[in-house]
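Undergrad: Please read through the structure below; I'll follow up with questions.
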Amino acid sequence: MNLSLEKIRTDGGTQSRAQIEQAVVAEYADLILEGVKFPAVTVFYDGAEYFLADGFHRYFATKKAKSPGILCNVLEGTLRDAVLYSFGANHAHGLRRTQADKRTAVITMLEDIEWQEWSDREIAKACNVSHTLVATIRKEIGAKKAETKFQRGGKEHKQSEKIKAIKKEEPIADFDSK
């Protein structure tokens, strides 16, 4: 679907990179002006608004080239769905994510009241990074989770992260020594 740039929202927190690379935007804009066709960007439609989730460099290049519209892959979902989708965008195409981009996505998830409860592996899957990177960042920023959620046998389970101290047994009194 081709959408007018004016209909696409870019202000919903769905841009999960550390920054937009202006040199890439300029390069893409030049290519658009030369007639190069880029893959569709991904937007989420919530019934009223279109939120850009993947393709910010292409979007801004299209705008710089003064093109009125852009090819879009439209998915149904909320702004939150678009934000979650954006965390793993560009792991296999387009401008590769930098370490800063990956950290930005993970930190955003770890600072969210709901997503911080996810296991390191779930966050890693959403951000397309390793679970060890998530664990490292979680430790660096001091983000704790109350419980770990995991799937086993098709069911969701929760395991408390709190370690209960094991009470030491009192020594048995030696009645013979009295």
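Letters for chains follow the order of the structure tokens (A, B, ...), residue numbers begin at 1 for each chain, and ligand numbers begin at 1 in the order shown.
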Among stretch 4-148 of chain A, which residues does DSSP mark as alpha helix (DSSP H) when it is run on the backbone? Keep the chain and numbering as in the structure and answer as a PDB file with N, CA, C and O atoms, in the first residue's frame.

TA:
```pdb
ATOM      1  N   GLN A  22      22.168  10.954   9.217  1.00  0.00           N
ATOM      2  CA  GLN A  22      21.791  11.910   8.173  1.00  0.00           C
ATOM      3  C   GLN A  22      22.498  11.636   6.839  1.00  0.00           C
ATOM      4  O   GLN A  22      21.932  11.879   5.774  1.00  0.00           O
ATOM      5  N   ALA A  23      23.717  11.104   6.888  1.00  0.00           N
ATOM      6  CA  ALA A  23      24.425  10.767   5.645  1.00  0.00           C
ATOM      7  C   ALA A  23      23.688   9.663   4.890  1.00  0.00           C
ATOM      8  O   ALA A  23      23.621   9.678   3.658  1.00  0.00           O
ATOM      9  N   VAL A  24      23.127   8.725   5.611  1.00  0.00           N
ATOM     10  CA  VAL A  24      22.359   7.630   4.994  1.00  0.00           C
ATOM     11  C   VAL A  24      21.062   8.186   4.412  1.00  0.00           C
ATOM     12  O   VAL A  24      20.667   7.818   3.303  1.00  0.00           O
ATOM     13  N   VAL A  25      20.398   9.062   5.134  1.00  0.00           N
ATOM     14  CA  VAL A  25      19.178   9.700   4.631  1.00  0.00           C
ATOM     15  C   VAL A  25      19.478  10.419   3.319  1.00  0.00           C
ATOM     16  O   VAL A  25      18.745  10.274   2.329  1.00  0.00           O
ATOM     17  N   ALA A  26      20.568  11.169   3.278  1.00  0.00           N
ATOM     18  CA  ALA A  26      20.935  11.908   2.064  1.00  0.00           C
ATOM     19  C   ALA A  26      21.253  10.945   0.912  1.00  0.00           C
ATOM     20  O   ALA A  26      20.826  11.176  -0.230  1.00  0.00           O
ATOM     21  N   GLU A  27      21.979   9.872   1.216  1.00  0.00           N
ATOM     22  CA  GLU A  27      22.308   8.882   0.186  1.00  0.00           C
ATOM     23  C   GLU A  27      21.039   8.231  -0.368  1.00  0.00           C
ATOM     24  O   GLU A  27      20.870   8.105  -1.584  1.00  0.00           O
ATOM     25  N   TYR A  28      20.149   7.823   0.525  1.00  0.00           N
ATOM     26  CA  TYR A  28      18.890   7.214   0.092  1.00  0.00           C
ATOM     27  C   TYR A  28      18.055   8.199  -0.727  1.00  0.00           C
ATOM     28  O   TYR A  28      17.430   7.813  -1.713  1.00  0.00           O
ATOM     29  N   ALA A  29      18.018   9.462  -0.302  1.00  0.00           N
ATOM     30  CA  ALA A  29      17.240  10.479  -1.029  1.00  0.00           C
ATOM     31  C   ALA A  29      17.772  10.632  -2.453  1.00  0.00           C
ATOM     32  O   ALA A  29      16.980  10.715  -3.409  1.00  0.00           O
ATOM     33  N   ASP A  30      19.080  10.651  -2.603  1.00  0.00           N
ATOM     34  CA  ASP A  30      19.680  10.738  -3.947  1.00  0.00           C
ATOM     35  C   ASP A  30      19.275   9.535  -4.789  1.00  0.00           C
ATOM     36  O   ASP A  30      18.952   9.679  -5.972  1.00  0.00           O
ATOM     37  N   LEU A  31      19.294   8.352  -4.181  1.00  0.00           N
ATOM     38  CA  LEU A  31      18.910   7.142  -4.913  1.00  0.00           C
ATOM     39  C   LEU A  31      17.434   7.181  -5.313  1.00  0.00           C
ATOM     40  O   LEU A  31      17.077   6.767  -6.422  1.00  0.00           O
ATOM     41  N   ILE A  32      16.588   7.697  -4.443  1.00  0.00           N
ATOM     42  CA  ILE A  32      15.152   7.822  -4.755  1.00  0.00           C
ATOM     43  C   ILE A  32      14.967   8.759  -5.947  1.00  0.00           C
ATOM     44  O   ILE A  32      14.196   8.475  -6.867  1.00  0.00           O
ATOM     45  N   LEU A  33      15.696   9.865  -5.937  1.00  0.00           N
ATOM     46  CA  LEU A  33      15.615  10.827  -7.047  1.00  0.00           C
ATOM     47  C   LEU A  33      16.114  10.223  -8.359  1.00  0.00           C
ATOM     48  O   LEU A  33      15.686  10.632  -9.435  1.00  0.00           O
ATOM     49  N   PHE A  56      12.794   4.140   9.139  1.00  0.00           N
ATOM     50  CA  PHE A  56      12.929   5.576   9.391  1.00  0.00           C
ATOM     51  C   PHE A  56      13.878   6.258   8.407  1.00  0.00           C
ATOM     52  O   PHE A  56      13.599   7.364   7.953  1.00  0.00           O
ATOM     53  N   HIS A  57      14.988   5.616   8.071  1.00  0.00           N
ATOM     54  CA  HIS A  57      15.910   6.223   7.111  1.00  0.00           C
ATOM     55  C   HIS A  57      15.239   6.353   5.743  1.00  0.00           C
ATOM     56  O   HIS A  57      15.368   7.386   5.072  1.00  0.00           O
ATOM     57  N   ARG A  58      14.491   5.330   5.329  1.00  0.00           N
ATOM     58  CA  ARG A  58      13.763   5.388   4.051  1.00  0.00           C
ATOM     59  C   ARG A  58      12.670   6.445   4.094  1.00  0.00           C
ATOM     60  O   ARG A  58      12.455   7.179   3.130  1.00  0.00           O
ATOM     61  N   TYR A  59      11.971   6.540   5.223  1.00  0.00           N
ATOM     62  CA  TYR A  59      10.912   7.540   5.381  1.00  0.00           C
ATOM     63  C   TYR A  59      11.482   8.955   5.235  1.00  0.00           C
ATOM     64  O   TYR A  59      10.977   9.766   4.461  1.00  0.00           O
ATOM     65  N   PHE A  60      12.550   9.255   5.994  1.00  0.00           N
ATOM     66  CA  PHE A  60      13.116  10.600   5.949  1.00  0.00           C
ATOM     67  C   PHE A  60      13.780  10.889   4.605  1.00  0.00           C
ATOM     68  O   PHE A  60      13.777  12.035   4.140  1.00  0.00           O
ATOM     69  N   ALA A  61      14.316   9.864   3.947  1.00  0.00           N
ATOM     70  CA  ALA A  61      14.881  10.052   2.604  1.00  0.00           C
ATOM     71  C   ALA A  61      13.776  10.385   1.599  1.00  0.00           C
ATOM     72  O   ALA A  61      13.943  11.261   0.741  1.00  0.00           O
ATOM     73  N   THR A  62      12.648   9.696   1.731  1.00  0.00           N
ATOM     74  CA  THR A  62      11.508   9.957   0.855  1.00  0.00           C
ATOM     75  C   THR A  62      11.011  11.383   1.058  1.00  0.00           C
ATOM     76  O   THR A  62      10.699  12.105   0.101  1.00  0.00           O
ATOM     77  N   LYS A  63      10.980  11.817   2.309  1.00  0.00           N
ATOM     78  CA  LYS A  63      10.568  13.185   2.630  1.00  0.00           C
ATOM     79  C   LYS A  63      11.570  14.192   2.058  1.00  0.00           C
ATOM     80  O   LYS A  63      11.178  15.200   1.470  1.00  0.00           O
ATOM     81  N   LYS A  64      12.861  13.913   2.203  1.00  0.00           N
ATOM     82  CA  LYS A  64      13.914  14.802   1.684  1.00  0.00           C
ATOM     83  C   LYS A  64      13.846  14.904   0.162  1.00  0.00           C
ATOM     84  O   LYS A  64      14.090  15.968  -0.404  1.00  0.00           O
ATOM     85  N   LEU A  79       0.060   1.213  19.086  1.00  0.00           N
ATOM     86  CA  LEU A  79       1.343   1.908  19.164  1.00  0.00           C
ATOM     87  C   LEU A  79       2.354   1.034  19.898  1.00  0.00           C
ATOM     88  O   LEU A  79       3.505   0.919  19.501  1.00  0.00           O
ATOM     89  N   ARG A  80       1.916   0.391  20.961  1.00  0.00           N
ATOM     90  CA  ARG A  80       2.827  -0.475  21.743  1.00  0.00           C
ATOM     91  C   ARG A  80       3.331  -1.641  20.892  1.00  0.00           C
ATOM     92  O   ARG A  80       4.490  -2.031  21.002  1.00  0.00           O
ATOM     93  N   ASP A  81       2.482  -2.195  20.049  1.00  0.00           N
ATOM     94  CA  ASP A  81       2.907  -3.253  19.134  1.00  0.00           C
ATOM     95  C   ASP A  81       3.987  -2.733  18.191  1.00  0.00           C
ATOM     96  O   ASP A  81       4.964  -3.430  17.900  1.00  0.00           O
ATOM     97  N   ALA A  82       3.813  -1.507  17.717  1.00  0.00           N
ATOM     98  CA  ALA A  82       4.789  -0.897  16.810  1.00  0.00           C
ATOM     99  C   ALA A  82       6.128  -0.677  17.513  1.00  0.00           C
ATOM    100  O   ALA A  82       7.189  -0.928  16.941  1.00  0.00           O
ATOM    101  N   VAL A  83       6.080  -0.222  18.748  1.00  0.00           N
ATOM    102  CA  VAL A  83       7.307  -0.012  19.523  1.00  0.00           C
ATOM    103  C   VAL A  83       8.031  -1.342  19.700  1.00  0.00           C
ATOM    104  O   VAL A  83       9.236  -1.444  19.447  1.00  0.00           O
ATOM    105  N   LEU A  84       7.315  -2.371  20.111  1.00  0.00           N
ATOM    106  CA  LEU A  84       7.923  -3.686  20.309  1.00  0.00           C
ATOM    107  C   LEU A  84       8.538  -4.206  19.010  1.00  0.00           C
ATOM    108  O   LEU A  84       9.658  -4.715  18.998  1.00  0.00           O
ATOM    109  N   TYR A  85       7.840  -4.046  17.916  1.00  0.00           N
ATOM    110  CA  TYR A  85       8.338  -4.483  16.610  1.00  0.00           C
ATOM    111  C   TYR A  85       9.643  -3.755  16.255  1.00  0.00           C
ATOM    112  O   TYR A  85      10.569  -4.348  15.714  1.00  0.00           O
ATOM    113  N   SER A  86       9.691  -2.477  16.582  1.00  0.00           N
ATOM    114  CA  SER A  86      10.845  -1.654  16.200  1.00  0.00           C
ATOM    115  C   SER A  86      12.139  -2.105  16.864  1.00  0.00           C
ATOM    116  O   SER A  86      13.221  -1.902  16.312  1.00  0.00           O
ATOM    117  N   PHE A  87      12.053  -2.722  18.034  1.00  0.00           N
ATOM    118  CA  PHE A  87      13.258  -3.132  18.760  1.00  0.00           C
ATOM    119  C   PHE A  87      14.123  -4.104  17.956  1.00  0.00           C
ATOM    120  O   PHE A  87      15.333  -4.087  18.064  1.00  0.00           O
ATOM    121  N   GLN A  99      26.108  -1.138  17.935  1.00  0.00           N
ATOM    122  CA  GLN A  99      26.013  -1.602  19.326  1.00  0.00           C
ATOM    123  C   GLN A  99      25.153  -0.629  20.126  1.00  0.00           C
ATOM    124  O   GLN A  99      24.377  -1.048  20.986  1.00  0.00           O
ATOM    125  N   ALA A 100      25.277   0.659  19.844  1.00  0.00           N
ATOM    126  CA  ALA A 100      24.460   1.665  20.541  1.00  0.00           C
ATOM    127  C   ALA A 100      22.982   1.465  20.237  1.00  0.00           C
ATOM    128  O   ALA A 100      22.129   1.615  21.131  1.00  0.00           O
ATOM    129  N   ASP A 101      22.647   1.117  18.991  1.00  0.00           N
ATOM    130  CA  ASP A 101      21.251   0.859  18.616  1.00  0.00           C
ATOM    131  C   ASP A 101      20.707  -0.324  19.410  1.00  0.00           C
ATOM    132  O   ASP A 101      19.582  -0.288  19.930  1.00  0.00           O
ATOM    133  N   LYS A 102      21.499  -1.388  19.491  1.00  0.00           N
ATOM    134  CA  LYS A 102      21.077  -2.593  20.216  1.00  0.00           C
ATOM    135  C   LYS A 102      20.885  -2.284  21.694  1.00  0.00           C
ATOM    136  O   LYS A 102      19.896  -2.687  22.314  1.00  0.00           O
ATOM    137  N   ARG A 103      21.827  -1.539  22.270  1.00  0.00           N
ATOM    138  CA  ARG A 103      21.722  -1.169  23.690  1.00  0.00           C
ATOM    139  C   ARG A 103      20.496  -0.298  23.942  1.00  0.00           C
ATOM    140  O   ARG A 103      19.801  -0.476  24.939  1.00  0.00           O
ATOM    141  N   THR A 104      20.220   0.632  23.031  1.00  0.00           N
ATOM    142  CA  THR A 104      19.050   1.510  23.174  1.00  0.00           C
ATOM    143  C   THR A 104      17.770   0.689  23.238  1.00  0.00           C
ATOM    144  O   THR A 104      16.906   0.931  24.090  1.00  0.00           O
ATOM    145  N   ALA A 105      17.650  -0.298  22.347  1.00  0.00           N
ATOM    146  CA  ALA A 105      16.446  -1.139  22.326  1.00  0.00           C
ATOM    147  C   ALA A 105      16.320  -1.930  23.625  1.00  0.00           C
ATOM    148  O   ALA A 105      15.249  -1.975  24.244  1.00  0.00           O
ATOM    149  N   VAL A 106      17.413  -2.549  24.062  1.00  0.00           N
ATOM    150  CA  VAL A 106      17.376  -3.360  25.290  1.00  0.00           C
ATOM    151  C   VAL A 106      17.065  -2.488  26.501  1.00  0.00           C
ATOM    152  O   VAL A 106      16.215  -2.844  27.334  1.00  0.00           O
ATOM    153  N   ILE A 107      17.716  -1.343  26.612  1.00  0.00           N
ATOM    154  CA  ILE A 107      17.482  -0.452  27.756  1.00  0.00           C
ATOM    155  C   ILE A 107      16.038   0.028  27.781  1.00  0.00           C
ATOM    156  O   ILE A 107      15.414   0.086  28.845  1.00  0.00           O
ATOM    157  N   THR A 108      15.484   0.346  26.617  1.00  0.00           N
ATOM    158  CA  THR A 108      14.084   0.776  26.560  1.00  0.00           C
ATOM    159  C   THR A 108      13.174  -0.313  27.109  1.00  0.00           C
ATOM    160  O   THR A 108      12.255  -0.031  27.885  1.00  0.00           O
ATOM    161  N   MET A 109      13.452  -1.559  26.746  1.00  0.00           N
ATOM    162  CA  MET A 109      12.625  -2.653  27.264  1.00  0.00           C
ATOM    163  C   MET A 109      12.819  -2.832  28.765  1.00  0.00           C
ATOM    164  O   MET A 109      11.857  -3.067  29.491  1.00  0.00           O
ATOM    165  N   LEU A 110      14.057  -2.706  29.232  1.00  0.00           N
ATOM    166  CA  LEU A 110      14.339  -2.907  30.659  1.00  0.00           C
ATOM    167  C   LEU A 110      13.803  -1.781  31.529  1.00  0.00           C
ATOM    168  O   LEU A 110      13.622  -1.959  32.733  1.00  0.00           O
ATOM    169  N   ASP A 120      15.491 -12.567  30.232  1.00  0.00           N
ATOM    170  CA  ASP A 120      16.546 -12.063  29.356  1.00  0.00           C
ATOM    171  C   ASP A 120      16.418 -12.664  27.959  1.00  0.00           C
ATOM    172  O   ASP A 120      16.647 -11.980  26.960  1.00  0.00           O
ATOM    173  N   ARG A 121      16.041 -13.916  27.884  1.00  0.00           N
ATOM    174  CA  ARG A 121      15.899 -14.579  26.582  1.00  0.00           C
ATOM    175  C   ARG A 121      14.728 -14.007  25.780  1.00  0.00           C
ATOM    176  O   ARG A 121      14.825 -13.860  24.565  1.00  0.00           O
ATOM    177  N   GLU A 122      13.619 -13.681  26.449  1.00  0.00           N
ATOM    178  CA  GLU A 122      12.476 -13.079  25.741  1.00  0.00           C
ATOM    179  C   GLU A 122      12.825 -11.688  25.216  1.00  0.00           C
ATOM    180  O   GLU A 122      12.474 -11.339  24.085  1.00  0.00           O
ATOM    181  N   ILE A 123      13.507 -10.899  26.029  1.00  0.00           N
ATOM    182  CA  ILE A 123      13.921  -9.567  25.594  1.00  0.00           C
ATOM    183  C   ILE A 123      14.916  -9.688  24.445  1.00  0.00           C
ATOM    184  O   ILE A 123      14.828  -8.963  23.452  1.00  0.00           O
ATOM    185  N   ALA A 124      15.841 -10.623  24.570  1.00  0.00           N
ATOM    186  CA  ALA A 124      16.831 -10.846  23.511  1.00  0.00           C
ATOM    187  C   ALA A 124      16.154 -11.210  22.198  1.00  0.00           C
ATOM    188  O   ALA A 124      16.530 -10.701  21.127  1.00  0.00           O
ATOM    189  N   LYS A 125      15.147 -12.050  22.271  1.00  0.00           N
ATOM    190  CA  LYS A 125      14.422 -12.450  21.056  1.00  0.00           C
ATOM    191  C   LYS A 125      13.713 -11.248  20.428  1.00  0.00           C
ATOM    192  O   LYS A 125      13.763 -11.053  19.214  1.00  0.00           O
ATOM    193  N   ALA A 126      13.085 -10.417  21.253  1.00  0.00           N
ATOM    194  CA  ALA A 126      12.378  -9.232  20.744  1.00  0.00           C
ATOM    195  C   ALA A 126      13.340  -8.233  20.113  1.00  0.00           C
ATOM    196  O   ALA A 126      13.002  -7.582  19.126  1.00  0.00           O
ATOM    197  N   CYS A 127      14.540  -8.117  20.669  1.00  0.00           N
ATOM    198  CA  CYS A 127      15.522  -7.137  20.182  1.00  0.00           C
ATOM    199  C   CYS A 127      16.506  -7.737  19.181  1.00  0.00           C
ATOM    200  O   CYS A 127      17.361  -7.018  18.660  1.00  0.00           O
ATOM    201  N   HIS A 131      21.048 -13.166  24.662  1.00  0.00           N
ATOM    202  CA  HIS A 131      20.529 -13.055  26.031  1.00  0.00           C
ATOM    203  C   HIS A 131      21.633 -12.605  26.989  1.00  0.00           C
ATOM    204  O   HIS A 131      21.362 -11.987  28.010  1.00  0.00           O
ATOM    205  N   THR A 132      22.898 -12.891  26.641  1.00  0.00           N
ATOM    206  CA  THR A 132      23.992 -12.451  27.502  1.00  0.00           C
ATOM    207  C   THR A 132      24.145 -10.931  27.454  1.00  0.00           C
ATOM    208  O   THR A 132      24.481 -10.320  28.466  1.00  0.00           O
ATOM    209  N   LEU A 133      23.879 -10.324  26.296  1.00  0.00           N
ATOM    210  CA  LEU A 133      23.902  -8.860  26.211  1.00  0.00           C
ATOM    211  C   LEU A 133      22.808  -8.273  27.097  1.00  0.00           C
ATOM    212  O   LEU A 133      23.046  -7.316  27.835  1.00  0.00           O
ATOM    213  N   VAL A 134      21.624  -8.858  27.053  1.00  0.00           N
ATOM    214  CA  VAL A 134      20.520  -8.376  27.889  1.00  0.00           C
ATOM    215  C   VAL A 134      20.893  -8.496  29.366  1.00  0.00           C
ATOM    216  O   VAL A 134      20.701  -7.551  30.140  1.00  0.00           O
ATOM    217  N   ALA A 135      21.450  -9.640  29.759  1.00  0.00           N
ATOM    218  CA  ALA A 135      21.839  -9.853  31.163  1.00  0.00           C
ATOM    219  C   ALA A 135      22.889  -8.837  31.600  1.00  0.00           C
ATOM    220  O   ALA A 135      22.822  -8.286  32.704  1.00  0.00           O
ATOM    221  N   THR A 136      23.851  -8.574  30.721  1.00  0.00           N
ATOM    222  CA  THR A 136      24.910  -7.605  31.028  1.00  0.00           C
ATOM    223  C   THR A 136      24.324  -6.212  31.222  1.00  0.00           C
ATOM    224  O   THR A 136      24.647  -5.526  32.201  1.00  0.00           O
ATOM    225  N   ILE A 137      23.457  -5.805  30.315  1.00  0.00           N
ATOM    226  CA  ILE A 137      22.851  -4.473  30.417  1.00  0.00           C
ATOM    227  C   ILE A 137      21.939  -4.391  31.632  1.00  0.00           C
ATOM    228  O   ILE A 137      21.936  -3.382  32.346  1.00  0.00           O
ATOM    229  N   ARG A 138      21.182  -5.460  31.885  1.00  0.00           N
ATOM    230  CA  ARG A 138      20.294  -5.476  33.065  1.00  0.00           C
ATOM    231  C   ARG A 138      21.120  -5.235  34.324  1.00  0.00           C
ATOM    232  O   ARG A 138      20.743  -4.448  35.193  1.00  0.00           O
ATOM    233  N   LYS A 139      22.270  -5.902  34.411  1.00  0.00           N
ATOM    234  CA  LYS A 139      23.142  -5.755  35.581  1.00  0.00           C
ATOM    235  C   LYS A 139      23.728  -4.350  35.642  1.00  0.00           C
ATOM    236  O   LYS A 139      23.766  -3.735  36.708  1.00  0.00           O
ATOM    237  N   GLU A 140      24.191  -3.818  34.501  1.00  0.00           N
ATOM    238  CA  GLU A 140      24.792  -2.479  34.445  1.00  0.00           C
ATOM    239  C   GLU A 140      23.844  -1.393  34.929  1.00  0.00           C
ATOM    240  O   GLU A 140      24.262  -0.480  35.642  1.00  0.00           O
ATOM    241  N   ILE A 141      22.587  -1.493  34.531  1.00  0.00           N
ATOM    242  CA  ILE A 141      21.641  -0.426  34.904  1.00  0.00           C
ATOM    243  C   ILE A 141      20.881  -0.741  36.194  1.00  0.00           C
ATOM    244  O   ILE A 141      20.063   0.048  36.634  1.00  0.00           O
TER     245      ILE A 141
END
```

Undergrad: Using backbone DSSP assignments, extract all strand (DSSP E or B) residues from stretch 40-117 of chain A; output them as a compact mmCIF listing (two decimals) with all heavy atoms, in the first residue's frame.

TA:
```
# COMPACT_ATOMS: atom_id res chain seq x y z
N VAL A 41 8.35 0.25 3.89
CA VAL A 41 8.53 0.47 5.33
C VAL A 41 7.40 -0.29 6.03
O VAL A 41 6.42 -0.69 5.39
CB VAL A 41 8.50 1.97 5.70
CG1 VAL A 41 9.63 2.73 5.01
CG2 VAL A 41 7.17 2.61 5.41
N THR A 42 7.53 -0.49 7.33
CA THR A 42 6.49 -1.18 8.09
C THR A 42 5.81 -0.19 9.01
O THR A 42 6.47 0.51 9.79
CB THR A 42 7.08 -2.35 8.90
OG1 THR A 42 7.71 -3.25 8.00
CG2 THR A 42 5.99 -3.07 9.69
N VAL A 43 4.48 -0.13 8.91
CA VAL A 43 3.68 0.72 9.80
C VAL A 43 2.64 -0.15 10.50
O VAL A 43 2.23 -1.19 9.98
CB VAL A 43 2.99 1.88 9.04
CG1 VAL A 43 4.00 2.81 8.42
CG2 VAL A 43 2.03 1.37 7.99
N PHE A 44 2.24 0.29 11.67
CA PHE A 44 1.15 -0.37 12.40
C PHE A 44 -0.05 0.57 12.38
O PHE A 44 0.09 1.77 12.65
CB PHE A 44 1.57 -0.67 13.85
CG PHE A 44 2.38 -1.92 13.98
CD1 PHE A 44 3.68 -1.99 13.52
CD2 PHE A 44 1.82 -3.06 14.56
CE1 PHE A 44 4.42 -3.14 13.62
CE2 PHE A 44 2.55 -4.22 14.67
CZ PHE A 44 3.86 -4.26 14.20
N TYR A 45 -1.21 0.00 12.09
CA TYR A 45 -2.44 0.78 12.01
C TYR A 45 -3.35 0.34 13.15
O TYR A 45 -3.69 -0.84 13.28
CB TYR A 45 -3.12 0.55 10.67
CG TYR A 45 -4.39 1.34 10.48
CD1 TYR A 45 -4.37 2.73 10.46
CD2 TYR A 45 -5.61 0.70 10.32
CE1 TYR A 45 -5.53 3.46 10.28
CE2 TYR A 45 -6.78 1.43 10.14
CZ TYR A 45 -6.74 2.80 10.13
OH TYR A 45 -7.89 3.53 9.96
N TYR A 50 -1.42 5.60 11.71
CA TYR A 50 -0.36 4.74 11.16
C TYR A 50 0.94 5.12 11.87
O TYR A 50 1.38 6.27 11.78
CB TYR A 50 -0.20 4.97 9.66
CG TYR A 50 -1.37 4.52 8.83
CD1 TYR A 50 -2.38 5.42 8.48
CD2 TYR A 50 -1.48 3.20 8.38
CE1 TYR A 50 -3.45 5.02 7.70
CE2 TYR A 50 -2.55 2.79 7.61
CZ TYR A 50 -3.53 3.71 7.28
OH TYR A 50 -4.60 3.30 6.51
N PHE A 51 1.55 4.17 12.57
CA PHE A 51 2.79 4.42 13.30
C PHE A 51 3.94 3.70 12.59
O PHE A 51 3.90 2.49 12.40
CB PHE A 51 2.70 3.92 14.74
CG PHE A 51 1.70 4.67 15.56
CD1 PHE A 51 0.44 4.14 15.79
CD2 PHE A 51 2.01 5.91 16.10
CE1 PHE A 51 -0.50 4.84 16.55
CE2 PHE A 51 1.08 6.61 16.85
CZ PHE A 51 -0.18 6.07 17.07
N LEU A 52 4.96 4.46 12.22
CA LEU A 52 6.13 3.89 11.56
C LEU A 52 6.90 3.04 12.57
O LEU A 52 7.24 3.51 13.65
CB LEU A 52 7.03 5.00 11.01
CG LEU A 52 8.24 4.57 10.21
CD1 LEU A 52 7.84 3.76 8.98
CD2 LEU A 52 9.06 5.80 9.79
N ALA A 53 7.17 1.78 12.21
CA ALA A 53 7.89 0.87 13.11
C ALA A 53 9.24 0.46 12.54
O ALA A 53 10.16 0.13 13.28
CB ALA A 53 7.05 -0.37 13.39
N ASP A 54 9.38 0.46 11.22
CA ASP A 54 10.62 0.05 10.57
C ASP A 54 10.75 0.82 9.27
O ASP A 54 9.82 0.82 8.46
CB ASP A 54 10.62 -1.45 10.30
CG ASP A 54 11.90 -1.95 9.64
OD1 ASP A 54 12.93 -1.26 9.74
OD2 ASP A 54 11.85 -3.03 9.02
N GLY A 69 4.55 10.14 -1.17
CA GLY A 69 4.14 8.91 -0.53
C GLY A 69 5.23 7.87 -0.51
O GLY A 69 6.29 8.03 -1.12
N ILE A 70 4.96 6.79 0.23
CA ILE A 70 5.94 5.72 0.39
C ILE A 70 5.21 4.38 0.45
O ILE A 70 4.09 4.28 0.99
CB ILE A 70 6.80 5.96 1.66
CG1 ILE A 70 8.00 5.00 1.70
CG2 ILE A 70 5.95 5.85 2.92
CD1 ILE A 70 9.03 5.40 2.76
N LEU A 71 5.84 3.36 -0.11
CA LEU A 71 5.30 2.01 -0.07
C LEU A 71 5.37 1.48 1.36
O LEU A 71 6.42 1.56 2.00
CB LEU A 71 6.09 1.11 -1.02
CG LEU A 71 5.58 -0.32 -1.17
CD1 LEU A 71 4.18 -0.34 -1.78
CD2 LEU A 71 6.55 -1.11 -2.06
N CYS A 72 4.24 0.96 1.85
CA CYS A 72 4.16 0.51 3.25
C CYS A 72 3.62 -0.91 3.35
O CYS A 72 2.69 -1.29 2.64
CB CYS A 72 3.21 1.41 4.04
SG CYS A 72 3.75 3.10 4.20
N ASN A 73 4.19 -1.64 4.27
CA ASN A 73 3.65 -2.91 4.72
C ASN A 73 2.85 -2.54 5.97
O ASN A 73 3.42 -2.11 6.97
CB ASN A 73 4.79 -3.88 5.06
CG ASN A 73 4.30 -5.18 5.64
OD1 ASN A 73 3.18 -5.60 5.39
ND2 ASN A 73 5.14 -5.81 6.43
N VAL A 74 1.52 -2.67 5.90
CA VAL A 74 0.65 -2.24 6.99
C VAL A 74 0.24 -3.45 7.83
O VAL A 74 -0.32 -4.41 7.32
CB VAL A 74 -0.61 -1.52 6.46
CG1 VAL A 74 -1.50 -1.08 7.61
CG2 VAL A 74 -0.21 -0.33 5.59
N LEU A 75 0.54 -3.37 9.13
CA LEU A 75 0.16 -4.41 10.08
C LEU A 75 -0.86 -3.82 11.04
O LEU A 75 -0.77 -2.64 11.41
CB LEU A 75 1.38 -4.90 10.87
CG LEU A 75 2.54 -5.45 10.04
CD1 LEU A 75 3.73 -5.77 10.94
CD2 LEU A 75 2.12 -6.68 9.26
N GLU A 76 -1.81 -4.62 11.45
CA GLU A 76 -2.77 -4.16 12.45
C GLU A 76 -2.14 -4.27 13.82
O GLU A 76 -1.49 -5.27 14.13
CB GLU A 76 -4.05 -4.99 12.40
CG GLU A 76 -4.92 -4.70 11.21
CD GLU A 76 -6.25 -5.43 11.27
OE1 GLU A 76 -6.78 -5.64 12.38
OE2 GLU A 76 -6.75 -5.78 10.20
```

Undergrad: Neighbouring residues of A:Thr98 were defined as those with any atom within 12 Å, considering only C-alpha atoms; residues of the same chain fewer than 5 positions away were excluded. Please report them as a ChimeraX atom specification.

TA: /A:16-21,90-91,103-105,129
